[in-house]
Each structure stands twice: as structure tokens, then as C-alpha cells.
Amino acid sequence: MAGFSGLIASLLLVVSLGGFGSAARILMNAFLGEGSHFVCAAAMAERLVEKGHNITFFISNAYAHRATDAKFANLFDFEIFHHSIPVEEVHKQLNAYNERAFEPASVQMLTFAELMRDARAADCDDILGDKALMDRLAMANYSFVVYDITWVCPVLMARKLGIPYATVSAIATPCTVAEGAGAVPSPAFVPGMFSALPNTMDFMDRVANTLNYIFIRLIGEYFRQPYNRLNEKYNISPGESIGYLVDQSDLFLVNSDFSVEFPCSLPPNVISVGGLTTKPAVALSDELEDFMQSSGEHGVIVCTMGTYFTSMPLNIVKAFIDAFARLPQKVIFQLRSIPSGITLPPNVMTLPWLPQNDLLGHEKTRAFLYSGGNNGFYEALYHAVPIVAIPIHADQPDVGAKVASQGIGITIDKGLLSETRIFEALKDVTTNSTYARSVERLSAMYRDRPMTPAERAAFWIDHVISHGGKQYQVPVVHMDFIKSNLIDVLCFLVGCLMLGLFITFFAFRLFFKLLCIAWRVMNCKEKQE
């Protein structure tokens, strides 16, 4: 009888979550399956499961622990691909980028090229060349692919399997993604990716932004070259570039929101879903709750440098600790281990991992000091917590520009980091009520909507699966460079103009020639008379 009741309850749950016959098998990829990208994808996937869809995450064996984590294993299936190099080497590649965070930009870019271009293209080659894996994916009859734009290999997989696909972008600037979908942002007022500029620019800012747009396009082509070769090697979409294939996505989901984002024009298939990880806070552990409550009226500052950033130079750690020691607030500092020679002041607690969203939602939290990641930005916005951002790499400087421009906090240049700057910034955001008022106003604006970002993303994925997404595409994505830029039309109009001028010139020339002849004839007659 109990089993029968359970069956009835399960059937009622299925009906309430989306009904019979509407379920789809969705293959989802979030880079390799680690970090904030996976967390964002999992938030969307959870809502899709609630709608009755079946989700399979495509992850690497370097992060196979996701498949055994009860939090995810009970909701999703997993398809695990294997690197041709040891797992330890993959972890080393990812850690190398973080270890060089305070080195010059040129060193970071070289590391990024090794990590995101060559190594990941090699992974893609292994995947496309694994006949057993590709046959298994084909036999699974997936109806849709959702992938993170950080790694475009799933686009080639989807094309090879003949499956429509949607792009998810965790990058903080939706306008750059919109360019691929058919909208062309203006460098005059739309900050480019990695530019760290606001949307009100002086002349030199516009020069820098224009050069940044050119650089991003060139570097984008450089990063896509290996995938173009793989496209030809496996005869997936001959003659079509990987950039063109990405632009053919039925849907672009961008982790941004215009309550705090710089405005730009977006095509219908670019959907803002900023703050995928935002949600109400839940109760903390007894140890953390006791620490929070012990802070008194001064409250607590939460400090973390992000999921990927797991180590800092000793002098930087010391600058943080010394600054914290001068504060009246207590501080929870994410630090994997305390370096030798560092003594923690009594107001500082260190933890290797933080329940970030729950800490930000606590009544005692007064400020958030972090590296400028997009997820952290929206969690702080959601809970109306002022920010001190120290951008390290990638799109974090762009987030830092928004923090400063929107008046919800202070951004510190990592090259100028010191104990004094950290202390003064934290003192300012915790004592100057302007920051609190600004973030409360924008938080109210951000939260005033009928669906959460994850629900909105799931709705649009479900909508496109049910009805298709081609009708939302801007036609320009199907045009080549000549047509989309009206070069053929301009050539035609210039040709018409030149022909008109040519005809006009010869008409006037003929007219004056006949006029001269007539004048000569008349002059001769006069002489004869």
C-alpha cells in the first residue's frame, strides 16, 4: 500500500512539473564541469528537471566527483569524457592560470592560450575521434544541447549529432555576446569585453574601447582556429567557420541583468538571466552562526577571492590580514591554508570554502570583499551588500567597472593592492551610507520580477525546445560579410552614381559640342552676310 501511495505521489509530481509527453533529453555542458560555470548550469538544469526534462551533464573525468555528489547525482545523469593526459595535469593547467594572477597581463594571456585554446582543442579532438562515445551520444537521442561559450567543442558535437543548441555565457558583458547573435554594439558607449570601462567615456576611453573591440575580434579568431581545423577534419560542417556555427545558436542566455548592466540593444534570442546562483539564504552551521552573532553591532565582512583562485602570494595574504586586524568588524576569509609566519588576529576566521550566498544573506554581513566574479556580484546585489572588488583576471575588471559606476562599492586595482588601500576601502563602504542606499535601491529593482533568473533560463530553453528558435534569430547571422555590411549595395549605388556622372559628363560634353557647332555655323552665316 505504501508503494502504491508513493507511485501515485510520483505521478502527481510529474503532472505538476510539466505533464506527460513534454519531457526532452537535454545534453548540458559547463566547461569541464567545475567552478562557477558548472554552478550556473546546474541552477538552470534543476529548473528544467522541475519542468519534467531529463538532464545529462557532459563533464570531464578530471571532475568526475560531480557524478557521485548526492546533490547532483539525484537530479542529473552524467556522461564523462576522458582526457588523453593525466587528471593531475588537467588540474595543473587550471591552477597555473590562478597562480599567475598577479603577474603581467602578457604572461596571463599566454597561460590562458595554453589552457583554453590548445589544451581544450586537444580534448575536443579526442572527443570527436572517440567513436564509441559519439555513438553513445547519438543513441541517447538528445533533443537539445546547452553549452557554455567558454568551450565551443559542444557546438561541433551538436552539429555532428544534428541537434539544435543554445549558448550560455557567464561573461559579464551581454553586449559582446549579442554581437555574435546579430547586434553590433557601438564602441562609443558600449564597453567592450575585458575593457574595464564604464559606458560614459571621454575621447581617450573611446579610442581604447575601439582598439579593444578590434583586439577581441582578432583574439577570438585566434582561439577558434583549432576548432575550424577540427570542423574540417571530421567533416562536420565543411566551409562554415566555428564562429558562424556559434552564431547559429537558437538561444543565447547571458548571465547579466540590465538593472546594473550598461545598456545595449539585444536581439530577441539573447536573454538576460543574470544571477543564476542567487537565492534566499539558508541557516549557517552552528560554528559560523556563533561567529556571526559574536560580531555585535559592527557586523561581519565576507572575503573570498573566488572558486578558481585558491592561492595568493605571501605579501598579498599579509596585506589582507593586516588590514582586517585594523577593522572593528569581524572577517570571514576564504583561505585554503594559513601560510607560515602569518598570525591571525582574533577578529578573523579562515575557511577553505565559504557558503557565500548564505553568508551574504545574513543580517550581520556588512560588506563583501572579493575578486569581482559575476556570480558573487549578483549574489551581493540580491542580498543588498556593498562591495569592495579586487579584479584579478578575465571579465572581473568589467564587473569592477560596474561596481564603481553604479555606486555600490569600490574597486581596487590589483597592481596597487596594499594594507592601507584594503583597510580604507572597507572602512569607506561600511561607514558611508551612500553605498548601502545605492545597493538597496538596485537590489529592489533587480528582485522585482515574476521569475528567478534560473526559472527564466529554463522557461526559454523549454520554449525553444517546444517551438524552435530560428524565428527569433536576426537574419544577419545567415549573411556573409559582404551582404551583412551592404558592401554589394554600396558598390551598386557607387556604380550607379559613377554611371550617372559618366552619362551626365558625356551629355554635357555633347551638348557643349553641339552648342559650339551651332555657334560656328551661326558665326559663318554672319560673316557671309
# chains A, B, ... in the order shown; residues from 1 in each chain; ligands from 1

call {"tool": "residues_around", "arguments": {"residues": "Tyr234 in chain A", "least_positions_apart": "3", "cutoff": "10 Å", "atoms": "only C-alpha atoms", "output": "VMD selection string"}}
result
chain A and resid 125 128 to 129 156 160 229 to 231 237 to 238

call {"tool": "select_by_dssp", "arguments": {"residues": "range 313-509 of chain A", "states": "strand (DSSP E)", "output": "number ranges by chain"}}
result
A: 330-334, 348-351, 365-370, 387-389, 409-411

call {"tool": "atom_distance", "arguments": {"atom1": "CA of Pro268 in chain A", "atom2": "CA of Gln473 in chain A"}}
result
7.0 Å

call {"tool": "residues_around", "arguments": {"residues": "Phe333 in chain A", "least_positions_apart": "6", "cutoff": "8 Å", "atoms": "only C-alpha atoms", "output": "number ranges by chain"}}
result
A: 302-304, 348-351

call {"tool": "write_last_selection", "arguments": {"atoms": "N, CA, C and O atoms", "output": "PDB file, in the first residue's frame"}}
result
ATOM      1  N   VAL A 302      32.645  39.606   4.635  1.00  0.00           N
ATOM      2  CA  VAL A 302      32.919  38.333   3.969  1.00  0.00           C
ATOM      3  C   VAL A 302      33.967  38.573   2.891  1.00  0.00           C
ATOM      4  O   VAL A 302      33.832  39.481   2.067  1.00  0.00           O
ATOM      5  N   CYS A 303      35.025  37.758   2.899  1.00  0.00           N
ATOM      6  CA  CYS A 303      36.115  37.922   1.931  1.00  0.00           C
ATOM      7  C   CYS A 303      36.422  36.602   1.253  1.00  0.00           C
ATOM      8  O   CYS A 303      36.699  35.598   1.915  1.00  0.00           O
ATOM      9  N   THR A 304      36.358  36.597  -0.070  1.00  0.00           N
ATOM     10  CA  THR A 304      36.742  35.426  -0.853  1.00  0.00           C
ATOM     11  C   THR A 304      37.287  35.895  -2.193  1.00  0.00           C
ATOM     12  O   THR A 304      36.785  36.859  -2.769  1.00  0.00           O
ATOM     13  N   VAL A 348      39.402  37.481  12.910  1.00  0.00           N
ATOM     14  CA  VAL A 348      39.426  36.838  11.587  1.00  0.00           C
ATOM     15  C   VAL A 348      39.250  35.327  11.715  1.00  0.00           C
ATOM     16  O   VAL A 348      39.934  34.681  12.523  1.00  0.00           O
ATOM     17  N   MET A 349      38.344  34.782  10.917  1.00  0.00           N
ATOM     18  CA  MET A 349      38.181  33.330  10.779  1.00  0.00           C
ATOM     19  C   MET A 349      38.491  32.958   9.338  1.00  0.00           C
ATOM     20  O   MET A 349      38.008  33.604   8.404  1.00  0.00           O
ATOM     21  N   THR A 350      39.299  31.939   9.131  1.00  0.00           N
ATOM     22  CA  THR A 350      39.595  31.464   7.778  1.00  0.00           C
ATOM     23  C   THR A 350      38.949  30.102   7.557  1.00  0.00           C
ATOM     24  O   THR A 350      38.905  29.268   8.463  1.00  0.00           O
ATOM     25  N   LEU A 351      38.461  29.898   6.339  1.00  0.00           N
ATOM     26  CA  LEU A 351      37.856  28.631   5.945  1.00  0.00           C
ATOM     27  C   LEU A 351      38.292  28.310   4.520  1.00  0.00           C
ATOM     28  O   LEU A 351      38.440  29.220   3.697  1.00  0.00           O
TER      29      LEU A 351
END

call {"tool": "select_by_dssp", "arguments": {"residues": "range 97-344 of chain A", "states": "alpha helix (DSSP H)", "output": "NGL selection string"}}
result
:A and (97-99 or 105-113 or 119-128 or 131-139 or 153-161 or 174-181 or 203-233 or 242-247 or 286-293 or 314-325)
